Amino acid sequence: MGVVRIKAHDGSDVEFVDTIIGAGGMKDVYFSPDKSYVVAFFRKPADYATKERLSLLTGKYKDGIYSSAEAEYWKGVFCWPTKVVEHKGLIGIVAPTYSKQFFFEHGSTNGDRLNIKGKEK
């Protein structure tokens with residue numbers, strides 16, 4: 001379990017701990033060393049259209065949302081991807097970690113019978 005250091009497409013430094021913390025249908029997710037952001041790599045190599053779409057999401061679209069008058073609202077609703085990265089032939093995105101409103105604070109009724117307290121919503 002080491003720390004991997006790479007450059008994002010924008011030239012900035014990105015680090016992640018080389019241990020998968022979660023996985024979905026398309027990506028494997030890793031924490032940054034300080035857990036302030038995650039890095040999620042697609043499992044399959046990306047085609048040109050996917051790379052272009054991710055560049056728009058982390059550039060033009062993100063900038064449009066977060067420079068609007070409603071920016072503070074959107075920051076509380078989304079963990080919008082901020083950067084595009086590549087490592088070992090796979091493309092990925094960097095996104096902030098979820099803040100506390102994305103987790104169940106109280107759990108379910110009857111003594112948290114569903115065992116959801118502290119879990120993602």
# chains A, B, ... in the order shown; residues from 1 in each chain; ligands from 1
$ residues_around --residues "Lys35 of chain A" --least-positions-apart "5" --cutoff "10 Å" --atoms "only C-alpha atoms" --output "JSON, numbers by chain"
{"A": [16, 17, 30, 96, 97, 98]}
$ select_by_dssp --residues "segment 64-107 of chain A" --states "helix (DSSP H, G or I)" --output "ChimeraX atom specification"
/A:64-66,71-77,100-102
$ write_last_selection --atoms "N, CA, C and O atoms" --output "mmCIF file, in the first residue's frame"
data_model
loop_
_atom_site.group_PDB
_atom_site.id
_atom_site.type_symbol
_atom_site.label_atom_id
_atom_site.label_comp_id
_atom_site.auth_asym_id
_atom_site.auth_seq_id
_atom_site.Cartn_x
_atom_site.Cartn_y
_atom_site.Cartn_z
ATOM 1 N N GLY A 64 -18.642 26.606 -15.359
ATOM 2 C CA GLY A 64 -19.929 27.284 -15.524
ATOM 3 C C GLY A 64 -20.807 27.157 -14.293
ATOM 4 O O GLY A 64 -21.433 28.123 -13.854
ATOM 5 N N ILE A 65 -20.824 25.980 -13.705
ATOM 6 C CA ILE A 65 -21.647 25.746 -12.514
ATOM 7 C C ILE A 65 -21.087 26.497 -11.314
ATOM 8 O O ILE A 65 -21.814 27.180 -10.591
ATOM 9 N N TYR A 66 -19.789 26.392 -11.085
ATOM 10 C CA TYR A 66 -19.202 26.952 -9.868
ATOM 11 C C TYR A 66 -18.864 28.436 -9.961
ATOM 12 O O TYR A 66 -18.433 29.029 -8.981
ATOM 13 N N ALA A 71 -23.642 28.780 -7.114
ATOM 14 C CA ALA A 71 -22.490 27.897 -6.875
ATOM 15 C C ALA A 71 -22.511 27.252 -5.492
ATOM 16 O O ALA A 71 -22.244 26.056 -5.358
ATOM 17 N N GLU A 72 -22.826 28.005 -4.449
ATOM 18 C CA GLU A 72 -22.815 27.447 -3.091
ATOM 19 C C GLU A 72 -23.848 26.327 -2.945
ATOM 20 O O GLU A 72 -23.597 25.330 -2.282
ATOM 21 N N TYR A 73 -25.001 26.499 -3.566
ATOM 22 C CA TYR A 73 -26.014 25.444 -3.537
ATOM 23 C C TYR A 73 -25.463 24.171 -4.171
ATOM 24 O O TYR A 73 -25.568 23.089 -3.598
ATOM 25 N N TRP A 74 -24.889 24.291 -5.361
ATOM 26 C CA TRP A 74 -24.406 23.111 -6.083
ATOM 27 C C TRP A 74 -23.257 22.426 -5.351
ATOM 28 O O TRP A 74 -23.142 21.203 -5.398
ATOM 29 N N LYS A 75 -22.449 23.180 -4.637
ATOM 30 C CA LYS A 75 -21.353 22.565 -3.866
ATOM 31 C C LYS A 75 -21.899 21.631 -2.793
ATOM 32 O O LYS A 75 -21.258 20.650 -2.439
ATOM 33 N N GLY A 76 -23.075 21.935 -2.276
ATOM 34 C CA GLY A 76 -23.684 21.085 -1.252
ATOM 35 C C GLY A 76 -24.454 19.909 -1.808
ATOM 36 O O GLY A 76 -24.842 19.012 -1.073
ATOM 37 N N VAL A 77 -24.668 19.891 -3.118
ATOM 38 C CA VAL A 77 -25.469 18.849 -3.738
ATOM 39 C C VAL A 77 -24.611 17.837 -4.500
ATOM 40 O O VAL A 77 -24.921 16.655 -4.530
ATOM 41 N N LYS A 100 -20.454 15.618 5.139
ATOM 42 C CA LYS A 100 -21.315 14.878 6.071
ATOM 43 C C LYS A 100 -22.773 14.775 5.646
ATOM 44 O O LYS A 100 -23.453 13.824 6.006
ATOM 45 N N GLN A 101 -23.279 15.718 4.846
ATOM 46 C CA GLN A 101 -24.689 15.626 4.447
ATOM 47 C C GLN A 101 -24.960 14.469 3.490
ATOM 48 O O GLN A 101 -26.109 14.139 3.233
ATOM 49 N N PHE A 102 -23.927 13.813 2.982
ATOM 50 C CA PHE A 102 -24.103 12.677 2.084
ATOM 51 C C PHE A 102 -24.193 11.351 2.847
ATOM 52 O O PHE A 102 -24.282 10.291 2.245
#
$ residues_around --residues "Ile21 of chain A" --least-positions-apart "5" --cutoff "9 Å" --atoms "only C-alpha atoms" --output "count of residues only"
4
$ select_by_dssp --residues "segment 35-108 of chain A" --states "strand (DSSP E)" --output "list of chain:residue names"
A:Tyr37, A:Val38, A:Val39, A:Ala40, A:Phe41, A:Phe42, A:Lys83, A:Val84, A:Val85, A:Glu86, A:His87, A:Leu90, A:Ile91, A:Gly92, A:Ile93, A:Val94, A:Ala95, A:Pro96
$ residues_around --residues "Glu15 of chain A" --least-positions-apart "2" --cutoff "12 Å" --atoms "only C-alpha atoms" --output "list in words"
Gly2, Val3, Val4, Arg5, Ile6, Lys7, Ala8, Ser12, Asp13, Val17, Asp18, Tyr30, Phe31, Ser32, Pro33, Asp34, Lys35, Ser36, Tyr37, Val38, Val39, Ala40, Val85, Glu86, His87 and Val94 of chain A
$ residues_around --residues "segment 54-60 of chain A" --least-positions-apart "4" --cutoff "9 Å" --atoms "only C-alpha atoms" --output "list of chain:residue names"
A:His9, A:Ala49, A:Thr50, A:Gly64, A:Ile65, A:Trp80, A:Pro81, A:Thr82, A:Lys83, A:Val84, A:Gly92, A:Ile93, A:Val94
